[in-house]
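Trainee: Data file target_23.csv (CSV, C-alpha atoms) is appended below.
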chain,number,residue,atom,x,y,z
A,1,MET,CA,-47.7,33.9,25.7
A,2,ARG,CA,-47.3,33.8,29.5
A,3,LYS,CA,-47.9,30.0,29.4
A,4,THR,CA,-45.3,29.5,26.6
A,5,ILE,CA,-42.7,31.5,28.6
A,6,ALA,CA,-43.5,29.4,31.7
A,7,VAL,CA,-42.8,26.1,29.7
A,8,ALA,CA,-39.6,27.6,28.2
A,9,THR,CA,-38.4,28.6,31.7
A,10,LYS,CA,-39.1,25.2,33.0
A,11,GLU,CA,-37.2,23.6,30.1
A,12,LEU,CA,-34.2,25.9,30.6
A,13,ARG,CA,-34.0,24.7,34.2
A,14,GLN,CA,-34.3,21.1,33.1
A,15,ILE,CA,-31.5,21.6,30.6
A,16,GLY,CA,-29.3,23.1,33.3
A,17,ARG,CA,-29.8,20.0,35.4
A,18,ASP,CA,-29.4,17.6,32.6
A,19,ARG,CA,-25.7,17.3,31.8
A,20,ARG,CA,-26.2,14.9,28.9
A,21,THR,CA,-28.3,17.5,27.1
A,22,LEU,CA,-25.8,20.2,27.7
A,23,MET,CA,-23.1,18.0,26.4
A,24,ILE,CA,-25.0,17.3,23.2
A,25,LEU,CA,-25.8,21.0,22.6
A,26,LEU,CA,-22.5,22.5,23.5
A,27,PHE,CA,-19.6,20.1,23.1
A,28,VAL,CA,-20.7,17.6,20.4
A,29,PRO,CA,-21.0,20.3,17.7
A,30,ALA,CA,-17.4,21.5,18.4
A,31,MET,CA,-16.1,18.0,18.4
A,32,PHE,CA,-17.8,17.1,15.1
A,33,LEU,CA,-16.5,20.3,13.5
A,34,LEU,CA,-12.9,19.7,14.5
A,35,LEU,CA,-13.1,16.0,13.7
A,36,TYR,CA,-14.7,16.2,10.3
A,37,GLY,CA,-13.2,19.5,9.4
A,38,TYR,CA,-9.7,18.2,9.7
A,39,ALA,CA,-10.2,14.5,9.0
A,40,LEU,CA,-12.7,14.6,6.2
A,41,ASN,CA,-10.7,16.1,3.3
A,42,PHE,CA,-10.8,15.3,-0.4
A,43,ASP,CA,-7.5,16.9,-1.2
A,44,ILE,CA,-4.9,14.3,-2.0
A,45,ARG,CA,-1.5,15.2,-0.7
A,46,ASN,CA,1.8,13.4,0.0
A,47,VAL,CA,1.3,10.7,-2.7
A,48,ARG,CA,4.3,8.3,-2.4
A,49,LEU,CA,6.0,8.4,-5.8
A,50,ALA,CA,8.6,6.0,-7.2
A,51,VAL,CA,10.7,7.2,-10.1
A,52,GLU,CA,12.3,5.1,-12.8
A,53,ASP,CA,14.5,7.6,-14.7
A,54,ARG,CA,16.1,5.7,-17.6
A,55,ASP,CA,17.4,9.0,-19.2
A,56,ARG,CA,19.3,10.6,-16.3
A,57,THR,CA,19.6,14.0,-18.0
A,58,ALA,CA,18.9,17.5,-16.8
A,59,GLN,CA,15.6,17.5,-18.5
A,60,SER,CA,14.5,14.2,-16.8
A,61,ARG,CA,15.6,15.5,-13.4
A,62,ALA,CA,13.6,18.7,-14.0
A,63,LEU,CA,10.5,16.6,-14.6
A,64,VAL,CA,11.1,14.6,-11.3
A,65,SER,CA,11.7,17.9,-9.4
A,66,ALA,CA,8.4,19.3,-10.8
A,67,PHE,CA,6.5,16.3,-9.3
A,68,VAL,CA,8.2,16.4,-6.0
A,69,ASN,CA,8.0,20.2,-5.6
A,70,SER,CA,4.4,20.3,-6.5
A,71,GLY,CA,3.3,19.5,-3.0
A,72,TYR,CA,1.2,16.6,-4.1
A,73,PHE,CA,4.0,13.9,-4.4
A,74,ASP,CA,6.7,12.7,-2.1
A,75,PHE,CA,9.7,11.0,-3.5
A,76,ALA,CA,9.7,7.4,-2.1
A,77,ALA,CA,12.0,5.2,-4.2
A,78,ASP,CA,14.4,5.3,-7.1
A,79,ILE,CA,13.7,2.3,-9.4
A,80,THR,CA,16.7,0.6,-10.9
A,81,ALA,CA,15.5,-3.0,-11.3
A,82,ALA,CA,12.7,-4.6,-13.4
A,83,GLY,CA,9.7,-5.6,-11.4
A,84,GLU,CA,10.5,-3.3,-8.4
A,85,ILE,CA,7.5,-1.0,-9.1
A,86,GLU,CA,5.1,-3.9,-8.8
A,87,ARG,CA,6.7,-5.1,-5.6
A,88,LEU,CA,6.5,-1.6,-4.0
A,89,MET,CA,2.8,-1.2,-5.0
A,90,ASN,CA,1.9,-4.6,-3.7
A,91,ARG,CA,3.4,-3.6,-0.4
A,92,ASN,CA,1.6,-0.2,-0.4
A,93,GLN,CA,5.0,1.5,-0.2
A,94,VAL,CA,4.2,3.7,-3.2
A,95,ARG,CA,0.9,4.9,-4.8
A,96,ALA,CA,2.3,6.0,-8.1
A,97,ALA,CA,5.4,5.5,-10.3
A,98,LEU,CA,6.9,7.8,-12.9
A,99,VAL,CA,8.7,6.1,-15.8
A,100,ILE,CA,10.9,8.4,-17.9
A,101,PRO,CA,12.2,6.7,-21.1
A,102,ASN,CA,15.7,6.8,-22.7
A,103,GLY,CA,16.1,9.7,-25.0
A,104,TYR,CA,13.7,11.9,-23.1
A,105,GLY,CA,16.1,14.9,-22.9
A,106,ARG,CA,17.2,14.5,-26.5
A,107,ASP,CA,13.6,14.5,-27.8
A,108,ILE,CA,12.8,17.5,-25.7
A,109,LEU,CA,15.7,19.5,-27.1
A,110,ASP,CA,14.9,18.4,-30.6
A,111,ARG,CA,11.2,19.3,-30.1
A,112,ARG,CA,10.0,15.8,-30.9
A,113,PRO,CA,7.0,14.2,-29.2
A,114,VAL,CA,8.0,12.2,-26.1
A,115,GLU,CA,5.9,10.1,-23.9
A,116,VAL,CA,6.4,9.5,-20.1
A,117,GLN,CA,4.5,6.9,-18.2
A,118,ILE,CA,2.7,7.3,-14.8
A,119,LEU,CA,1.6,4.1,-13.1
A,120,ILE,CA,-1.1,4.6,-10.4
A,121,ASP,CA,-2.3,2.2,-7.8
A,122,GLY,CA,-6.1,2.0,-8.6
A,123,ASP,CA,-7.3,0.2,-5.5
A,124,ASN,CA,-9.0,3.5,-4.6
A,125,ALA,CA,-10.7,4.8,-7.8
A,126,ASN,CA,-11.3,8.4,-6.5
A,127,THR,CA,-7.7,8.8,-5.3
A,128,ALA,CA,-6.3,7.3,-8.6
A,129,THR,CA,-8.4,9.7,-10.6
A,130,THR,CA,-7.2,12.7,-8.6
A,131,VAL,CA,-3.6,11.6,-8.8
A,132,MET,CA,-3.9,11.2,-12.6
A,133,GLY,CA,-5.2,14.7,-12.9
A,134,TYR,CA,-2.3,16.0,-10.9
A,135,ALA,CA,0.2,14.2,-13.0
A,136,GLN,CA,-1.3,15.4,-16.3
A,137,ALA,CA,-1.2,19.0,-15.1
A,138,ILE,CA,2.4,18.8,-14.0
A,139,VAL,CA,3.5,17.1,-17.2
A,140,ALA,CA,1.7,19.8,-19.3
A,141,GLU,CA,3.3,22.6,-17.3
A,142,VAL,CA,6.8,21.1,-17.7
A,143,ALA,CA,6.3,20.5,-21.4
A,144,ALA,CA,5.3,24.2,-21.9
A,145,ALA,CA,8.3,25.3,-19.9
A,146,GLU,CA,10.7,23.1,-21.8
A,147,LEU,CA,9.3,24.3,-25.2
A,148,GLY,CA,9.7,27.9,-24.0
A,149,LYS,CA,13.3,27.3,-23.2
A,150,VAL,CA,14.1,25.8,-26.6
A,151,SER,CA,12.2,28.2,-28.8
A,152,GLY,CA,12.0,31.4,-26.7
A,153,ARG,CA,8.3,31.3,-27.0
A,154,LEU,CA,5.5,28.9,-26.1
A,155,ALA,CA,3.7,28.8,-29.4
A,156,VAL,CA,6.1,26.8,-31.5
A,157,ALA,CA,5.6,24.5,-34.4
A,158,GLY,CA,4.0,21.3,-33.2
A,159,ALA,CA,2.5,22.9,-30.1
A,160,ALA,CA,-1.2,22.7,-29.5
A,161,PRO,CA,-2.9,25.6,-31.4
A,162,ILE,CA,-5.6,25.9,-28.7
A,163,VAL,CA,-4.5,26.7,-25.1
A,164,LEU,CA,-7.1,26.0,-22.4
A,165,GLU,CA,-7.0,28.4,-19.5
A,166,PRO,CA,-9.4,27.1,-16.9
A,167,ARG,CA,-10.7,29.4,-14.1
A,168,VAL,CA,-12.5,28.2,-11.0
A,169,TRP,CA,-15.0,30.6,-9.4
A,170,TYR,CA,-15.7,30.9,-5.7
A,171,ASN,CA,-13.1,28.3,-4.7
A,172,PRO,CA,-10.1,28.9,-7.0
A,173,GLN,CA,-7.7,26.8,-4.9
A,174,LEU,CA,-10.2,23.9,-5.1
A,175,ARG,CA,-9.9,23.4,-1.3
A,176,SER,CA,-12.2,20.6,-0.3
A,177,THR,CA,-12.6,22.3,3.1
A,178,LEU,CA,-14.6,25.1,1.6
A,179,PHE,CA,-16.9,22.5,0.0
A,180,LEU,CA,-17.2,20.4,3.2
A,181,VAL,CA,-17.6,23.0,6.0
A,182,PRO,CA,-21.1,24.3,4.9
A,183,GLY,CA,-22.2,20.7,4.8
A,184,LEU,CA,-20.8,20.2,8.3
A,185,ILE,CA,-22.7,23.2,9.6
A,186,ALA,CA,-26.0,21.7,8.2
A,187,TYR,CA,-25.1,18.2,9.5
A,188,ILE,CA,-24.2,19.3,13.0
A,189,ALA,CA,-27.1,21.7,13.4
A,190,MET,CA,-29.6,19.1,12.2
A,191,LEU,CA,-28.2,16.3,14.3
A,192,THR,CA,-27.9,18.2,17.6
A,193,ALA,CA,-31.3,20.0,17.2
A,194,VAL,CA,-33.3,16.8,16.4
A,195,VAL,CA,-31.6,14.7,19.1
A,196,SER,CA,-31.9,17.3,21.9
A,197,THR,CA,-35.7,18.0,21.3
A,198,SER,CA,-36.5,14.3,20.6
A,199,LEU,CA,-35.6,13.5,24.2
A,200,SER,CA,-37.6,16.4,25.7
A,201,VAL,CA,-41.2,15.2,25.6
A,202,VAL,CA,-40.2,11.6,26.2
A,203,ARG,CA,-38.4,12.7,29.3
A,204,GLU,CA,-41.7,14.0,30.6
A,205,LYS,CA,-43.3,10.6,29.9
A,206,GLU,CA,-40.7,8.7,31.7
A,207,ALA,CA,-40.7,11.1,34.7
A,208,GLY,CA,-44.4,10.8,35.0
A,209,THR,CA,-45.0,14.5,34.7
A,210,MET,CA,-46.9,14.4,31.3
A,211,GLU,CA,-50.2,13.8,33.1
A,212,GLN,CA,-49.8,17.0,35.1
A,213,ILE,CA,-49.0,18.9,31.9
A,214,ARG,CA,-52.2,17.5,30.3
A,215,MET,CA,-54.2,18.8,33.2
A,216,SER,CA,-52.7,22.2,33.0
A,217,PRO,CA,-54.4,25.0,31.0
A,218,ILE,CA,-52.0,25.1,28.1
A,219,GLY,CA,-52.6,24.1,24.5
A,220,ALA,CA,-50.4,21.9,22.3
A,221,PRO,CA,-49.0,24.7,20.1
A,222,ALA,CA,-48.0,26.8,23.1
A,223,TYR,CA,-46.4,23.7,24.7
A,224,VAL,CA,-44.4,22.9,21.5
A,225,VAL,CA,-43.2,26.5,21.2
A,226,GLY,CA,-42.3,26.6,24.9
A,227,LYS,CA,-40.5,23.3,24.6
A,228,THR,CA,-38.4,24.2,21.6
A,229,ALA,CA,-37.6,27.9,22.4
A,230,PRO,CA,-34.7,27.2,24.8
A,231,TYR,CA,-33.2,24.6,22.4
A,232,PHE,CA,-33.7,27.1,19.5
A,233,VAL,CA,-31.7,29.8,21.3
A,234,ILE,CA,-28.9,27.3,22.3
A,235,SER,CA,-28.8,25.7,18.8
A,236,LEU,CA,-28.7,29.1,17.1
A,237,LEU,CA,-25.8,30.3,19.2
A,238,SER,CA,-24.1,26.9,18.6
A,239,SER,CA,-24.6,27.1,14.8
A,240,MET,CA,-23.4,30.7,14.5
A,241,GLY,CA,-20.5,29.8,16.7
A,242,ILE,CA,-19.6,27.0,14.3
A,243,VAL,CA,-19.5,29.6,11.5
A,244,GLY,CA,-17.2,31.8,13.5
A,245,VAL,CA,-14.9,29.0,14.4
A,246,SER,CA,-14.8,27.8,10.8
A,247,MET,CA,-13.8,31.3,9.7
A,248,LEU,CA,-10.9,31.2,12.1
A,249,LEU,CA,-9.7,27.6,11.6
A,250,PHE,CA,-10.6,26.9,7.9
A,251,ASP,CA,-10.7,30.5,6.4
A,252,LEU,CA,-14.3,30.1,5.6
A,253,PRO,CA,-15.5,33.2,3.8
A,254,VAL,CA,-18.9,34.8,4.4
A,255,ARG,CA,-19.5,36.7,1.2
A,256,GLY,CA,-23.3,37.1,1.7
A,257,SER,CA,-25.5,38.9,4.1
A,258,TRP,CA,-25.0,38.0,7.8
A,259,LEU,CA,-28.7,38.9,8.4
A,260,ALA,CA,-29.8,36.5,5.6
A,261,LEU,CA,-27.6,33.8,7.0
A,262,LEU,CA,-29.0,34.3,10.5
A,263,GLY,CA,-32.5,34.1,9.2
A,264,CYS,CA,-32.0,31.0,7.1
A,265,VAL,CA,-30.2,29.2,10.0
A,266,SER,CA,-33.1,30.1,12.2
A,267,LEU,CA,-35.6,28.8,9.7
A,268,PHE,CA,-33.7,25.5,9.4
A,269,LEU,CA,-33.5,25.1,13.2
A,270,VAL,CA,-37.2,25.7,13.6
A,271,GLY,CA,-37.9,22.8,11.3
A,272,ALA,CA,-35.3,20.5,12.9
A,273,LEU,CA,-36.5,21.2,16.4
A,274,ALA,CA,-40.1,20.6,15.4
A,275,PHE,CA,-39.1,17.4,13.8
A,276,GLY,CA,-37.4,16.4,17.1
A,277,VAL,CA,-40.6,17.1,19.0
A,278,LEU,CA,-42.5,15.1,16.5
A,279,ILE,CA,-40.2,12.1,17.1
A,280,SER,CA,-40.6,12.5,20.9
A,281,THR,CA,-44.4,12.2,20.6
A,282,ILE,CA,-44.0,8.9,18.8
A,283,ALA,CA,-41.2,7.2,20.8
A,284,PRO,CA,-42.1,5.5,24.0
A,285,SER,CA,-38.6,6.0,25.7
A,286,GLN,CA,-35.6,8.2,25.4
A,287,GLN,CA,-33.5,5.3,24.1
A,288,VAL,CA,-35.9,4.7,21.2
A,289,ALA,CA,-36.2,8.5,20.6
A,290,PHE,CA,-32.5,8.8,20.4
A,291,GLN,CA,-32.2,5.9,17.9
A,292,ILE,CA,-35.0,7.3,15.7
A,293,ALA,CA,-33.4,10.7,15.8
A,294,LEU,CA,-30.1,9.4,14.6
A,295,LEU,CA,-31.7,7.3,11.9
A,296,THR,CA,-33.9,10.1,10.5
A,297,SER,CA,-31.4,13.0,10.8
A,298,PHE,CA,-27.9,11.6,10.6
A,299,LEU,CA,-28.2,9.3,7.6
A,300,PRO,CA,-30.4,11.5,5.3
A,301,THR,CA,-28.3,14.6,6.0
A,302,PHE,CA,-25.0,12.8,5.5
A,303,MET,CA,-26.0,10.7,2.5
A,304,LEU,CA,-28.9,12.4,0.7
A,305,SER,CA,-28.4,16.1,1.0
A,306,GLY,CA,-25.5,16.5,-1.4
A,307,PHE,CA,-23.1,17.0,1.5
A,308,ILE,CA,-20.8,14.1,0.3
A,309,PHE,CA,-22.3,12.7,-2.8
A,310,PRO,CA,-23.8,14.7,-5.7
A,311,ILE,CA,-27.5,14.3,-5.9
A,312,SER,CA,-27.4,14.3,-9.7
A,313,SER,CA,-25.3,11.1,-9.6
A,314,MET,CA,-27.9,9.2,-7.5
A,315,PRO,CA,-30.6,6.9,-9.0
A,316,VAL,CA,-33.8,8.6,-9.9
A,317,PHE,CA,-35.8,7.2,-7.0
A,318,LEU,CA,-33.2,8.4,-4.5
A,319,GLN,CA,-33.2,11.8,-6.1
A,320,ALA,CA,-36.9,11.9,-5.5
A,321,ILE,CA,-36.4,11.0,-1.8
A,322,THR,CA,-33.9,13.9,-1.4
A,323,HIS,CA,-36.7,16.4,-1.9
A,324,VAL,CA,-38.0,15.6,1.7
A,325,VAL,CA,-34.6,16.1,3.2
A,326,PRO,CA,-34.4,19.7,4.6
A,327,ALA,CA,-30.6,19.7,4.6
A,328,ARG,CA,-30.7,19.5,0.8
A,329,TYR,CA,-32.1,23.0,0.6
A,330,PHE,CA,-30.2,24.4,3.6
A,331,LEU,CA,-26.9,23.3,2.0
A,332,VAL,CA,-27.7,25.2,-1.2
A,333,ILE,CA,-28.5,28.3,0.9
A,334,LEU,CA,-25.3,28.0,2.9
A,335,ARG,CA,-23.0,27.6,-0.1
A,336,GLY,CA,-24.8,30.4,-1.8
A,337,LEU,CA,-24.5,32.8,1.1
A,338,LEU,CA,-21.0,31.8,2.4
A,339,LEU,CA,-19.1,31.0,-0.8
A,340,LYS,CA,-20.9,32.8,-3.6
A,341,GLY,CA,-22.4,35.8,-1.8
A,342,VAL,CA,-25.6,35.6,-3.8
A,343,GLU,CA,-28.7,37.5,-2.9
A,344,LEU,CA,-31.4,35.8,-0.9
A,345,ARG,CA,-34.0,36.3,-3.6
A,346,LEU,CA,-32.1,34.0,-5.9
A,347,LEU,CA,-32.5,31.2,-3.3
A,348,TRP,CA,-36.2,31.7,-2.8
A,349,VAL,CA,-37.1,28.2,-3.9
A,350,ASP,CA,-34.8,26.6,-1.2
A,351,VAL,CA,-36.0,29.1,1.4
A,352,ALA,CA,-39.6,28.4,0.6
A,353,SER,CA,-38.9,24.6,0.9
A,354,LEU,CA,-37.4,25.1,4.3
A,355,ALA,CA,-40.3,27.2,5.4
A,356,LEU,CA,-42.8,24.5,4.2
A,357,PHE,CA,-40.8,21.8,6.1
A,358,SER,CA,-40.9,23.9,9.3
A,359,VAL,CA,-44.7,24.6,9.0
A,360,VAL,CA,-45.5,21.0,8.3
A,361,THR,CA,-43.4,19.5,11.1
A,362,LEU,CA,-44.7,22.1,13.6
A,363,ALA,CA,-48.3,21.2,12.6
A,364,LEU,CA,-47.7,17.5,12.8
A,365,ALA,CA,-46.0,17.8,16.2
A,366,SER,CA,-49.0,19.8,17.5
A,367,ILE,CA,-51.5,17.3,16.1
A,368,ARG,CA,-49.7,14.4,17.7
A,369,LEU,CA,-49.7,16.1,21.1
A,370,LYS,CA,-53.3,17.0,20.8
A,371,ARG,CA,-54.1,13.3,20.2
A,372,GLU,CA,-52.1,12.2,23.2
A,373,TRP,CA,-53.8,14.8,25.4
A,374,ALA,CA,-57.3,13.9,24.1
Please render this file's structure as structure tokens.
Mentor:
Amino acid sequence: MRKTIAVATKELRQIGRDRRTLMILLFVPAMFLLLYGYALNFDIRNVRLAVEDRDRTAQSRALVSAFVNSGYFDFAADITAAGEIERLMNRNQVRAALVIPNGYGRDILDRRPVEVQILIDGDNANTATTVMGYAQAIVAEVAAAELGKVSGRLAVAGAAPIVLEPRVWYNPQLRSTLFLVPGLIAYIAMLTAVVSTSLSVVREKEAGTMEQIRMSPIGAPAYVVGKTAPYFVISLLSSMGIVGVSMLLFDLPVRGSWLALLGCVSLFLVGALAFGVLISTIAPSQQVAFQIALLTSFLPTFMLSGFIFPISSMPVFLQAITHVVPARYFLVILRGLLLKGVELRLLWVDVASLALFSVVTLALASIRLKREWA
């Protein structure tokens, strides 16, 4: 234990002298959180809307107002000439166009079926799908309100006999921020932990001090623990700080146990730090170690963890690969503890997977060091 503390003390002094490492550990997580937290957002707002109102009645104006006042659409143009919608879309001046036919108000008052048209620029399929959903919801709400005005009640002849009342649990406002922030925590923690420790052992090689360490009376496991302990403390403080900042900036709820959250973050960091040490035993230089760390931590965490893309939508062979990505399990744990407030025993499979990853990477890092020292 005394030898491990000595290595950890030496590493802390080295971190204090290495401004690049301090920058990675302290400022990069904050920059990533602010950058991705505000810039990466799936909510579609301020959609530029053109309106071709051929009816010009109080009912048609109410429909236009419903679109503009929804917060999703901005009135951009009043269409009066044929072909103007196409011209505006070709110039990217509008993303959608609402076409209200003649007789719309009369048909509403007479309780006859009436159709309105929404034209959507489909060059971005995801955006188009979201805008279509917004438009359908607004039209349905206006239709119900107009029927209520005419009949005095919503359930009138010709109205749908079944009314769907959807309810969304855990994120009723469907804020994409609450979906993204747990992924950002996993992404930032993984990236900073792996990169910081991947440079640690390689630094000893390049400085020529590895031979002295080999001659010292310290085993590989104690050396690995001593090397990672300072980074573990700093990364843990950084990760929990990210949670606190997210609560302030993005209203992130913490519905589960703080103790369970602290334990799971610690378990994830142990595996990430051990993986960084494993990389540092393989790489011949800090530059190569940095590149390997980015390749093996950034891309899998970003692409294969379920952070951005649903795992169920991936091809079968990619779904199989995701089982070796620790962020996949950590993300499930974070969303369960932060958003749902579930008990840790319900997440035992993911916790066990993280523990297995940590044990395996620690063992591999120790074996690699033993071989180098042999």
Trainee: Which residue out of A:Arg255, A:Phe250, A:Arg203, A:Asp110 has the minimum interatomic distance to Arg175 (chain A) when all atoms listed in the file are used?
Mentor: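 Checking each candidate against Arg175 (chain A), we get A:Phe250 as the closest.
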Trainee: Using only C-alpha atoms, can you tell me which of A:Leu178, A:Val265, A:Val351, A:Leu63 comes closest to Glu146 (chain A)?
Mentor: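 Under the stated criterion, the closest residue is A:Leu63.
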Trainee: Could you pull out every residue with an atom within 12 Å of (-46.1, 26.6, 19.1), file coordinates, counting all atoms listed in the file, and send them as a count of residues only?
Mentor: 33
Trainee: Applying 12 Å and all atoms listed in the file, which residues near Thr57 (chain A) remain after dropping the ones on its own chain fewer than 4 positions away? List them as a list in words.
Mentor: Asp53, Arg61, Ala62, Leu63, Val64, Ile100, Pro101, Asn102, Gly103, Tyr104, Gly105, Arg106, Asp107, Ile108 and Leu109 of chain A
Trainee: Looking at A:Leu191, A:Val233, A:Leu252, A:Ile44, which one is nearest to Phe302 (chain A), with distances taken over all atoms listed in the file?
Mentor: A:Leu191
Trainee: How many Å separate CA of Val360 (chain A) from CA of Phe275 (chain A)?
Mentor: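 About the pair CA of Val360 (chain A) and CA of Phe275 (chain A): they are 9.2 Å apart.
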Trainee: Please measure the separation of CA of Met132 (chain A) and CA of Leu304 (chain A), giving the value in Å to one decimal.
Mentor: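 Interatomic distance, CA of Met132 (chain A) to CA of Leu304 (chain A): 28.3 Å.
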Trainee: Could you list, as a compact mmCIF listing (two decimals) with C-alpha atoms, in the coordinates of the input, every residue within 12 Å of Val332 (chain A), counting all atoms listed in the file and ignoring same-chain residues fewer than 5 positions away?
Mentor:
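Resulting contents of part_17.txt:
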# COMPACT_ATOMS: atom_id res chain seq x y z
CA PHE A 179 -16.90 22.50 0.00
CA PRO A 182 -21.10 24.30 4.90
CA GLY A 183 -22.20 20.70 4.80
CA ALA A 186 -26.00 21.70 8.20
CA LEU A 261 -27.60 33.80 7.00
CA CYS A 264 -32.00 31.00 7.10
CA SER A 305 -28.40 16.10 1.00
CA GLY A 306 -25.50 16.50 -1.40
CA PHE A 307 -23.10 17.00 1.50
CA ILE A 311 -27.50 14.30 -5.90
CA PRO A 326 -34.40 19.70 4.60
CA ALA A 327 -30.60 19.70 4.60
CA LEU A 337 -24.50 32.80 1.10
CA LEU A 338 -21.00 31.80 2.40
CA LEU A 339 -19.10 31.00 -0.80
CA LYS A 340 -20.90 32.80 -3.60
CA GLY A 341 -22.40 35.80 -1.80
CA VAL A 342 -25.60 35.60 -3.80
CA LEU A 344 -31.40 35.80 -0.90
CA LEU A 346 -32.10 34.00 -5.90
CA LEU A 347 -32.50 31.20 -3.30
CA TRP A 348 -36.20 31.70 -2.80
CA VAL A 349 -37.10 28.20 -3.90
CA ASP A 350 -34.80 26.60 -1.20
CA VAL A 351 -36.00 29.10 1.40
CA SER A 353 -38.90 24.60 0.90
CA LEU A 354 -37.40 25.10 4.30
Trainee: Quick check, in Å to one decimal: how far apart do CA of Gln93 (chain A) and CA of Ile79 (chain A) lie?
Mentor: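 These two atoms are separated by 12.7 Å.
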Trainee: Of the residues A:Val181, A:Val94, A:Ala6, A:Leu88, which is the one nearest to Pro253 (chain A), using all atoms listed in the file?
Mentor: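 Ranking A:Val181, A:Val94, A:Ala6, A:Leu88 by distance to Pro253 (chain A), first place goes to A:Val181.
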